[in-house]
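Data block for final.cif (mmCIF, C-alpha atoms):
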```
data_my_file
#
loop_
_atom_site.label_atom_id
_atom_site.label_comp_id
_atom_site.auth_asym_id
_atom_site.auth_seq_id
_atom_site.Cartn_x
_atom_site.Cartn_y
_atom_site.Cartn_z
CA MET A 1 0.00 0.00 0.00
CA THR A 2 1.27 3.47 -0.83
CA ALA A 3 2.65 5.80 1.80
CA THR A 4 0.34 8.59 2.94
CA PHE A 5 1.38 12.21 2.59
CA THR A 6 0.32 14.95 4.96
CA ASP A 7 -0.76 18.44 3.93
CA GLU A 8 2.42 19.75 5.56
CA GLU A 9 4.57 17.55 3.29
CA ILE A 10 2.67 18.70 0.21
CA ASN A 11 2.92 22.32 1.37
CA SER A 12 6.69 21.95 1.58
CA LEU A 13 6.74 21.42 -2.19
CA PHE A 14 4.48 24.34 -3.09
CA ASP A 15 3.11 26.87 -0.63
CA PRO A 16 2.49 30.20 -2.41
CA ALA A 17 0.90 33.27 -0.87
CA PRO A 18 -2.94 33.20 -0.75
CA PRO A 19 -4.61 34.58 -3.89
CA PRO A 20 -6.15 38.06 -3.72
CA ALA A 21 -9.70 38.34 -2.40
CA TYR A 22 -12.08 38.80 -5.36
CA ASP A 23 -15.52 40.41 -5.02
CA THR A 24 -16.74 38.09 -7.75
CA ALA A 25 -15.21 34.91 -9.10
CA PRO A 26 -12.67 35.76 -11.83
CA THR A 27 -13.36 34.63 -15.38
CA PRO A 28 -9.97 34.63 -17.11
CA HIS A 29 -9.72 34.13 -20.84
CA LEU A 30 -6.62 32.54 -22.31
CA ASN A 31 -6.22 33.29 -26.01
CA LYS A 32 -4.07 30.17 -26.45
CA LEU A 33 -3.71 27.02 -24.42
CA VAL A 34 -0.90 27.16 -21.87
CA ALA A 35 1.06 23.92 -22.30
CA VAL A 36 4.51 22.87 -21.06
CA PRO A 37 5.88 19.40 -21.96
CA GLN A 38 8.25 16.96 -20.30
CA VAL A 39 11.85 16.90 -21.48
CA LYS A 40 11.26 13.32 -22.70
CA PRO A 41 8.44 10.73 -22.69
CA SER A 42 8.76 9.02 -19.31
CA PHE A 43 6.31 9.21 -16.42
CA ASP A 44 8.91 10.71 -14.07
CA ALA A 45 10.74 12.90 -16.59
CA PRO A 46 10.78 16.54 -15.44
CA PHE A 47 8.87 19.27 -17.20
CA ILE A 48 10.69 22.00 -19.09
CA ARG A 49 11.47 25.03 -16.94
CA ALA A 50 9.72 27.85 -18.79
CA TYR A 51 7.15 30.54 -17.95
CA PRO A 52 4.06 31.33 -20.04
CA PRO A 53 3.84 35.17 -19.96
CA SER A 54 0.09 34.99 -20.66
CA LEU A 55 -0.38 33.80 -17.06
CA GLN A 56 0.73 37.19 -15.78
CA GLU A 57 -2.71 38.61 -16.65
CA CYS A 58 -4.19 35.90 -14.42
CA GLY A 59 -2.13 37.03 -11.43
CA ILE A 60 0.43 34.23 -11.65
CA SER A 61 4.00 35.48 -11.36
CA VAL A 62 7.03 33.77 -12.83
CA GLU A 63 8.24 32.98 -9.30
CA ASP A 64 4.99 31.25 -8.27
CA TRP A 65 4.76 29.37 -11.58
CA MET A 66 8.31 28.06 -11.34
CA ASP A 67 7.77 27.05 -7.70
CA PHE A 68 4.71 25.06 -8.83
CA CYS A 69 6.57 23.35 -11.70
CA ASP A 70 9.64 22.55 -9.59
CA GLY A 71 7.42 21.09 -6.86
CA LEU A 72 5.58 18.97 -9.42
CA ASN A 73 8.87 17.68 -10.82
CA ILE A 74 9.93 16.57 -7.34
CA ALA A 75 6.54 14.95 -6.65
CA MET A 76 6.62 12.90 -9.85
CA ILE A 77 9.92 11.17 -9.08
CA GLY A 78 8.78 7.65 -8.20
CA SER A 79 5.15 8.79 -7.95
CA PRO A 80 3.41 8.37 -11.34
CA PRO A 81 0.14 10.30 -11.67
CA LEU A 82 -2.78 7.90 -11.53
CA ALA A 83 -4.90 9.90 -13.95
CA VAL A 84 -4.09 12.03 -16.98
CA VAL A 85 -6.17 13.31 -19.87
CA ASP A 86 -4.92 10.76 -22.35
CA LYS A 87 -7.56 10.43 -25.07
CA VAL A 88 -8.93 12.69 -27.76
CA GLY A 89 -12.37 12.10 -26.23
CA MET A 90 -11.13 13.97 -23.15
CA VAL A 91 -11.64 10.99 -20.87
CA ILE A 92 -9.29 10.87 -17.92
CA GLY A 93 -7.57 7.48 -17.55
CA PHE A 94 -4.60 5.82 -15.92
CA VAL A 95 -1.16 6.76 -17.06
CA PRO A 96 -0.05 3.79 -19.20
CA ASN A 97 2.93 1.44 -18.84
CA HIS A 98 3.45 1.85 -15.10
CA TRP A 99 1.01 -0.70 -13.70
CA THR A 100 3.70 -2.69 -11.91
CA MET A 101 4.74 0.38 -9.94
CA ILE A 102 1.11 1.24 -9.25
CA ALA A 103 0.59 -2.33 -8.01
CA ALA A 104 2.62 -1.47 -4.93
CA MET A 105 -0.08 1.07 -4.04
CA THR A 106 -3.08 -1.23 -4.17
CA ILE A 107 -5.21 -3.54 -2.09
CA GLN A 108 -7.96 -5.88 -3.28
CA VAL A 109 -11.33 -5.16 -1.75
CA SER A 110 -12.77 -8.66 -1.73
CA ALA A 111 -13.13 -11.82 -3.74
CA GLN A 112 -16.76 -10.87 -4.43
CA THR A 113 -16.06 -7.52 -6.09
CA GLY A 114 -12.82 -8.49 -7.84
CA MET A 115 -11.84 -4.81 -7.89
CA ARG A 116 -8.49 -3.22 -7.14
CA VAL A 117 -8.40 -0.06 -5.04
CA ILE A 118 -5.67 2.47 -5.77
CA SER A 119 -4.90 5.21 -3.29
CA LYS A 120 -4.09 8.69 -4.58
CA ASN A 121 -0.35 9.33 -4.44
CA LEU A 122 1.83 12.40 -3.92
CA THR A 123 1.54 13.72 -7.49
CA ASP A 124 -2.27 13.45 -7.50
CA LYS A 125 -2.60 15.09 -4.09
CA TYR A 126 -0.17 17.81 -5.12
CA LEU A 127 -2.30 18.69 -8.17
CA ILE A 128 -5.55 18.52 -6.20
CA ARG A 129 -4.21 20.99 -3.66
CA ALA A 130 -2.77 23.28 -6.36
CA ASN A 131 -6.19 23.46 -8.01
CA GLU A 132 -8.00 24.05 -4.72
CA THR A 133 -5.72 26.74 -3.32
CA PHE A 134 -3.87 28.34 -6.23
CA PHE A 135 -5.39 27.88 -9.68
CA GLY A 136 -9.07 27.45 -8.73
CA PRO A 137 -9.43 30.80 -6.93
CA ARG A 138 -8.09 32.46 -10.10
CA GLY A 139 -10.69 30.75 -12.29
CA LEU A 140 -8.15 28.27 -13.72
CA ARG A 141 -7.43 24.54 -13.54
CA VAL A 142 -4.24 22.57 -14.09
CA ARG A 143 -4.29 19.17 -15.79
CA LEU A 144 -1.73 16.65 -16.97
CA CYS A 145 -2.45 15.73 -20.59
CA LYS A 146 -0.99 13.39 -23.17
CA THR A 147 -0.12 15.07 -26.47
CA PRO A 148 -3.27 14.01 -28.44
CA ALA A 149 -5.51 15.36 -25.67
CA MET A 150 -3.46 18.56 -25.41
CA ARG A 151 -3.83 19.11 -29.14
CA ALA A 152 -7.59 18.45 -29.00
CA LEU A 153 -8.00 20.92 -26.13
CA ALA A 154 -5.88 23.53 -27.91
CA SER A 155 -7.61 23.15 -31.27
CA PRO A 156 -10.99 21.34 -30.96
CA SER A 157 -11.85 21.94 -34.63
CA THR A 158 -8.70 20.20 -35.91
CA PRO A 159 -9.45 16.68 -37.24
CA GLN A 160 -7.97 14.06 -34.94
CA PRO A 161 -6.11 10.95 -36.17
CA SER A 162 -8.09 7.75 -36.50
CA THR A 163 -7.82 4.98 -33.92
CA LEU A 164 -5.96 2.85 -36.48
CA ALA A 165 -3.45 5.63 -37.09
CA LYS A 166 -2.88 6.09 -33.35
CA VAL A 167 -2.41 2.35 -32.83
CA GLY A 168 0.06 2.22 -35.70
CA LYS A 169 2.04 5.12 -34.29
CA THR A 170 2.14 3.54 -30.85
CA ALA A 171 3.31 0.21 -32.28
CA GLN A 172 5.98 2.02 -34.26
CA SER A 173 7.16 3.84 -31.13
CA ILE A 174 7.61 0.49 -29.32
CA GLY A 175 9.19 -1.23 -32.32
CA LEU A 176 11.83 1.45 -32.72
CA HIS A 177 13.45 0.22 -29.49
CA LEU A 178 13.96 -3.29 -30.93
CA PRO A 179 17.04 -3.58 -33.22
CA VAL A 180 15.63 -5.82 -35.97
CA VAL A 181 12.12 -4.36 -35.93
CA ARG A 182 13.30 -0.76 -36.14
CA LYS A 183 15.33 -1.50 -39.29
CA VAL A 184 12.22 -2.94 -40.93
CA ILE A 185 10.13 0.04 -39.81
CA ASN A 186 12.71 2.50 -41.06
CA ARG A 187 12.85 0.82 -44.47
CA PHE A 188 9.15 0.34 -45.20
CA ALA A 189 7.26 2.93 -43.12
CA ASP A 190 6.34 6.33 -44.51
CA PRO A 191 9.12 8.90 -44.18
CA VAL A 192 9.03 11.36 -41.29
CA PRO A 193 10.15 15.00 -41.22
CA GLN A 194 13.95 15.31 -41.20
CA VAL A 195 15.39 17.18 -38.24
CA ASP A 196 17.56 20.16 -39.13
CA PRO A 197 21.12 19.10 -38.14
CA TYR A 198 21.89 22.70 -37.21
CA SER A 199 18.75 23.27 -35.17
CA PRO A 200 19.65 25.44 -32.16
CA THR A 201 17.03 23.76 -29.95
CA ASP A 202 16.67 20.27 -28.46
CA ALA A 203 13.88 17.78 -29.18
CA ALA A 204 11.57 19.28 -26.56
CA GLY A 205 12.16 22.77 -27.94
CA ARG A 206 11.39 21.58 -31.47
CA ARG A 207 8.11 20.03 -30.34
CA ILE A 208 7.07 23.26 -28.64
CA ALA A 209 8.08 25.32 -31.68
CA ALA A 210 6.04 23.07 -33.98
CA PHE A 211 2.86 23.54 -31.93
CA GLN A 212 3.51 27.27 -31.56
CA ALA A 213 3.94 27.52 -35.34
CA GLU A 214 0.44 26.08 -35.66
CA GLY A 215 -0.72 28.87 -33.36
CA ILE A 216 -2.37 26.56 -30.84
CA ILE A 217 -0.27 26.95 -27.67
CA ALA A 218 0.97 30.01 -25.81
CA ASP A 219 4.50 31.40 -26.01
CA LEU A 220 7.03 30.40 -23.36
CA ASP A 221 9.82 32.40 -21.75
CA TYR A 222 12.89 30.31 -20.88
CA ASN A 223 14.60 33.11 -18.95
CA VAL A 224 13.40 31.95 -15.53
CA PRO A 225 14.91 31.98 -12.02
CA PRO A 226 16.86 28.86 -10.94
CA PRO A 227 15.16 26.24 -8.74
CA LYS A 228 15.08 26.90 -5.04
CA LYS A 229 17.44 24.84 -2.91
CA ALA A 230 15.81 21.57 -1.86
CA GLU A 231 15.01 21.14 1.83
CA GLY A 232 14.80 17.78 3.57
CA ILE A 233 16.42 14.49 2.65
CA MET A 234 13.56 13.28 0.39
CA ASP A 235 13.41 16.53 -1.55
CA LYS A 236 17.17 16.43 -2.03
CA MET A 237 17.05 12.83 -3.26
CA ASN A 238 14.23 13.65 -5.69
CA GLU A 239 16.12 16.72 -6.87
CA MET A 240 19.08 14.48 -7.67
CA GLY A 241 16.73 12.24 -9.65
CA ILE A 242 15.49 15.24 -11.65
CA LYS A 243 19.04 16.32 -12.43
CA ALA A 244 19.91 12.77 -13.50
CA GLU A 245 16.93 12.66 -15.89
CA GLN A 246 17.86 16.08 -17.31
CA TRP A 247 21.48 14.95 -17.75
CA LYS A 248 20.47 11.73 -19.55
CA ALA A 249 18.13 13.61 -21.87
CA ALA A 250 20.83 16.18 -22.63
CA ARG A 251 23.46 13.48 -23.28
CA THR A 252 21.19 11.58 -25.67
CA GLU A 253 20.32 14.81 -27.47
CA LYS A 254 24.01 15.75 -27.76
CA LYS A 255 24.99 12.39 -29.28
CA THR A 256 22.13 12.49 -31.78
CA HIS A 257 22.93 16.10 -32.68
CA GLU A 258 26.54 15.14 -33.40
CA LYS A 259 25.40 12.29 -35.69
CA ARG A 260 23.09 14.62 -37.63
CA GLN A 261 25.85 17.18 -38.10
CA ARG A 262 28.33 14.49 -39.14
CA LEU A 263 25.89 13.20 -41.78
CA ALA A 264 25.32 16.74 -43.06
CA MET A 265 29.08 17.18 -43.45
CA VAL A 266 29.33 13.90 -45.36
CA GLU A 267 26.56 14.95 -47.73
CA GLN A 268 28.46 18.18 -48.35
CA GLY A 269 31.71 16.30 -48.99
CA GLY A 270 33.35 17.25 -45.72
CA GLY A 271 33.26 13.97 -43.82
CA SER A 272 36.00 11.52 -42.92
CA LYS A 273 37.71 9.45 -45.62
CA LYS A 274 35.58 6.42 -44.73
CA ASP A 275 32.34 8.42 -44.77
CA ASN A 276 33.23 10.05 -48.09
CA ARG A 277 34.18 6.70 -49.62
CA LEU A 278 30.78 5.25 -48.71
CA GLN A 279 29.07 8.36 -50.04
CA HIS A 280 30.90 8.12 -53.38
CA ARG A 281 30.04 4.43 -53.62
CA ASN A 282 26.36 5.17 -53.27
CA GLU A 283 26.60 7.93 -55.86
CA ARG A 284 28.11 5.45 -58.33
CA ARG A 285 25.39 2.89 -57.58
CA ALA A 286 22.72 5.53 -58.15
CA ALA A 287 24.31 6.55 -61.46
CA ARG A 288 24.12 2.92 -62.62
CA GLY A 289 20.48 2.65 -61.65
CA ARG A 290 21.18 0.28 -58.78
CA ARG A 291 19.57 0.43 -55.34
CA VAL A 292 21.46 2.72 -53.02
CA ARG A 293 22.39 1.12 -49.73
CA LYS A 294 22.14 3.38 -46.73
CA THR A 295 25.20 3.73 -44.56
CA LYS A 296 25.06 2.98 -40.84
CA LEU A 297 25.24 6.69 -40.14
CA GLN A 298 22.29 7.44 -42.42
CA THR A 299 20.24 4.66 -40.83
CA ARG A 300 21.03 5.82 -37.29
CA VAL A 301 20.06 9.40 -38.06
CA GLU A 302 16.84 8.34 -39.78
CA ILE A 303 15.90 6.13 -36.81
CA ALA A 304 16.66 9.00 -34.42
CA ASP A 305 14.40 11.32 -36.44
CA ARG A 306 11.68 8.67 -36.50
CA LYS A 307 11.93 8.12 -32.72
CA GLU A 308 11.65 11.85 -32.05
CA TYR A 309 8.56 12.01 -34.28
CA SER A 310 6.86 8.87 -32.97
CA VAL A 311 7.29 9.42 -29.22
CA THR A 312 5.66 12.86 -29.25
CA ASP A 313 2.22 11.37 -28.54
CA ASN A 314 3.56 9.74 -25.36
CA LEU A 315 4.63 13.02 -23.78
CA VAL A 316 2.79 14.43 -20.78
CA TRP A 317 2.12 18.18 -20.71
CA ILE A 318 1.20 20.60 -17.93
CA VAL A 319 -1.92 22.29 -19.29
CA ILE A 320 -3.68 25.35 -17.82
CA LEU A 321 -7.35 25.85 -18.67
CA ASP A 322 -10.06 28.29 -17.70
CA ALA A 323 -13.03 26.77 -15.87
CA THR A 324 -15.26 26.73 -18.97
CA HIS A 325 -12.67 24.93 -21.06
CA ASP A 326 -11.94 22.49 -18.26
CA ALA A 327 -15.63 21.57 -18.07
CA THR A 328 -15.30 19.88 -21.49
CA ILE A 329 -13.10 17.15 -19.98
CA GLU A 330 -15.12 14.05 -19.23
CA GLY A 331 -14.28 12.20 -16.04
CA ARG A 332 -12.34 15.13 -14.53
CA GLU A 333 -13.88 14.27 -11.15
CA ILE A 334 -11.52 11.27 -11.08
CA ALA A 335 -8.53 13.60 -10.91
CA ASP A 336 -10.22 16.05 -8.52
CA SER A 337 -11.41 13.48 -5.99
CA ARG A 338 -9.29 12.55 -3.00
CA GLU A 339 -10.99 9.16 -2.92
CA ALA A 340 -9.24 5.97 -4.03
CA LEU A 341 -9.80 4.63 -7.55
CA GLU A 342 -11.18 1.23 -8.51
CA VAL A 343 -9.96 -0.91 -11.44
CA ASP A 344 -11.51 -4.11 -12.80
CA ALA A 345 -9.40 -7.14 -11.83
CA ASP A 346 -9.29 -8.61 -15.37
CA GLU A 347 -8.13 -5.30 -16.85
CA TRP A 348 -5.55 -5.07 -14.09
CA GLU A 349 -4.06 -8.51 -14.78
CA ASP A 350 -4.00 -7.89 -18.55
CA GLU A 351 -2.06 -4.66 -18.13
CA ILE A 352 0.41 -6.20 -15.67
CA GLU A 353 1.04 -9.13 -18.05
CA LEU A 354 1.53 -6.79 -21.02
CA GLU A 355 3.96 -4.64 -19.07
CA HIS A 356 5.98 -7.70 -17.99
CA ASP A 357 6.19 -8.87 -21.62
CA GLU A 358 7.48 -5.46 -22.72
CA GLU A 359 10.02 -5.46 -19.89
CA ASP A 360 11.24 -8.93 -20.97
CA GLU A 361 11.71 -7.64 -24.53
CA ARG A 362 13.75 -4.69 -23.28
CA HIS A 363 15.83 -7.03 -21.10
CA HIS A 364 16.60 -9.35 -24.03
CA HIS A 365 17.49 -6.32 -26.12
CA ASP A 366 19.95 -5.13 -23.46
CA GLU A 367 21.47 -8.61 -23.23
CA ASP A 368 21.94 -8.76 -27.00
CA ARG A 369 23.82 -5.47 -26.94
CA LYS A 370 26.36 -6.73 -24.39
#
```
Whole structure given in structure tokens:
Amino acid sequence: MTATFTDEEINSLFDPAPPPAYDTAPTPHLNKLVAVPQVKPSFDAPFIRAYPPSLQECGISVEDWMDFCDGLNIAMIGSPPLAVVDKVGMVIGFVPNHWTMIAAMTIQVSAQTGMRVISKNLTDKYLIRANETFFGPRGLRVRLCKTPAMRALASPSTPQPSTLAKVGKTAQSIGLHLPVVRKVINRFADPVPQVDPYSPTDAAGRRIAAFQAEGIIADLDYNVPPPKKAEGIMDKMNEMGIKAEQWKAARTEKKTHEKRQRLAMVEQGGGSKKDNRLQHRNERRAARGRRVRKTKLQTRVEIADRKEYSVTDNLVWIVILDATHDATIEGREIADSREALEVDADEWEDEIELEHDEEDERHHHDEDRK
């Protein structure tokens, strides 16, 4: 069963000054959806540290916003949110692929009901309190949303991908982590947008820029104050976890960036002797009408571009909505309630079995690489 967290412990993560006293309930209007993504698609990956200036009109300062985001980052280390807006239909459901961890937080009610009861954890309680004491009094709500739901909330009139398309994209995202499967996917699947090898931003920045270019999410200011010094042993440990996740994401991005730039140099005739020799060979094959064989470098860059494209739907975003907009989310009472959640036993066992199978595949993949 999960550990219980007191209000004092939650307050230690985020305890802003009380909101101003309003004569009437405020009715803020956000011209664009406020949305801030994780640095990478993982339940405990931290969110990007950036401030949406449009929140200033709602009485939310950069200091209070960053305190909220930093507190949420700490809460999510080892504490996956039980409910996120994860479907285009706006239905709140369990965050996927973390059922084994959630299992440690459950008890079974009885043999007659066959239901599993899941207690709300630190992240859920943190968000509940933030809505009750900080965002709610300002006429706003904060939600955690998967990318498809974020897009649907930001642009309801935009046609959403079909279920088949979403399933195919999810399968591709999983397959790209398996050596043999990803080569097949890369060869036969439709091409994806090529990442600019000289792009000044990282993958998260490119995703934000793409949505901003569509005009559906608010601008972000990255010039924000540094995180406050962690207090208490647990906060310090979680802060170390956040820094480790940020370091791993930055290292992966750096290696991929170097590969893209190296390939660009080869294509311009400025690569190493080996790279240039392979490039000239392919040019000769093309001139003779023969099939051009991709080099290892080309394949690795294409797979990296495909991974960046395919995992976007798995990202979780912090989303700020006005009360009217939030009312369109079905099942939002699941996230707002402090009561435990119930899950059908058969669904529970199916998800646990699926997660174990995926973990076995990843383990075999790691063993093959050794």
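Comparing the minimum interatomic distances between Gln38 in chain A and each of A:Asn121, A:Asn282, A:Trp317, A:Ala149, counting all atoms listed in the file, we find that A:Trp317 sits nearest.
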ask   = Between A:Phe134, A:Trp247, A:Phe43, A:Tyr198, which has the minimum distance to Leu82 in chain A (counting only C-alpha atoms)?
value =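 Nearest candidate to Leu82 in chain A out of A:Phe134, A:Trp247, A:Phe43, A:Tyr198: A:Phe43.
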(10.6, 12.1, -34.2) in this file's frame - what residues fall within 10 Å of it? Use only C-alpha atoms and give the answer as number ranges by chain. A: 173, 192-195, 203, 206-207, 302-312
Nearby residues (only C-alpha atoms) at most 12 Å from Gly269 in chain A, same-chain spacing under 5 positions excluded, as a list of chain:residue names:
A:Arg262, A:Leu263, A:Ala264, A:Lys274, A:Asp275, A:Asn276, A:Arg277, A:Leu278, A:Gln279, A:His280, A:Glu283
How about saving the chosen residues, C-alpha atoms kept, as a PDB file, in the frame of the given file?
```
ATOM      1  CA  ARG A 262      28.330  14.490 -39.140  1.00  0.00           C
ATOM      2  CA  LEU A 263      25.890  13.200 -41.780  1.00  0.00           C
ATOM      3  CA  ALA A 264      25.320  16.740 -43.060  1.00  0.00           C
ATOM      4  CA  LYS A 274      35.580   6.420 -44.730  1.00  0.00           C
ATOM      5  CA  ASP A 275      32.340   8.420 -44.770  1.00  0.00           C
ATOM      6  CA  ASN A 276      33.230  10.050 -48.090  1.00  0.00           C
ATOM      7  CA  ARG A 277      34.180   6.700 -49.620  1.00  0.00           C
ATOM      8  CA  LEU A 278      30.780   5.250 -48.710  1.00  0.00           C
ATOM      9  CA  GLN A 279      29.070   8.360 -50.040  1.00  0.00           C
ATOM     10  CA  HIS A 280      30.900   8.120 -53.380  1.00  0.00           C
ATOM     11  CA  GLU A 283      26.600   7.930 -55.860  1.00  0.00           C
TER      12      GLU A 283
END
```
CA of Glu132 in chain A to CA of Asp336 in chain A measures 9.1 Å
From CA of Arg251 in chain A to CA of Asp44 in chain A the spacing works out at 17.4 Å
| request: Just the residues within 12 Å of range 199-201 of chain A, please, counting only C-alpha atoms, with nothing from its chain fewer than 4 positions along; format it as a list in words. | output: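 My list of contacting residues is Gln194, Val195, Gly205, Arg206, Arg207, Ile208, Ala209, Ala210, Tyr222, Ala250, Glu253, Lys254, Thr256, His257, Glu258, Arg260 and Gln261 of chain A.
Taking all atoms listed in the file into account, Pro18 in chain A lies nearest to A:Thr133 out of the set A:Thr147, A:Asn314, A:Thr324, A:Thr133.
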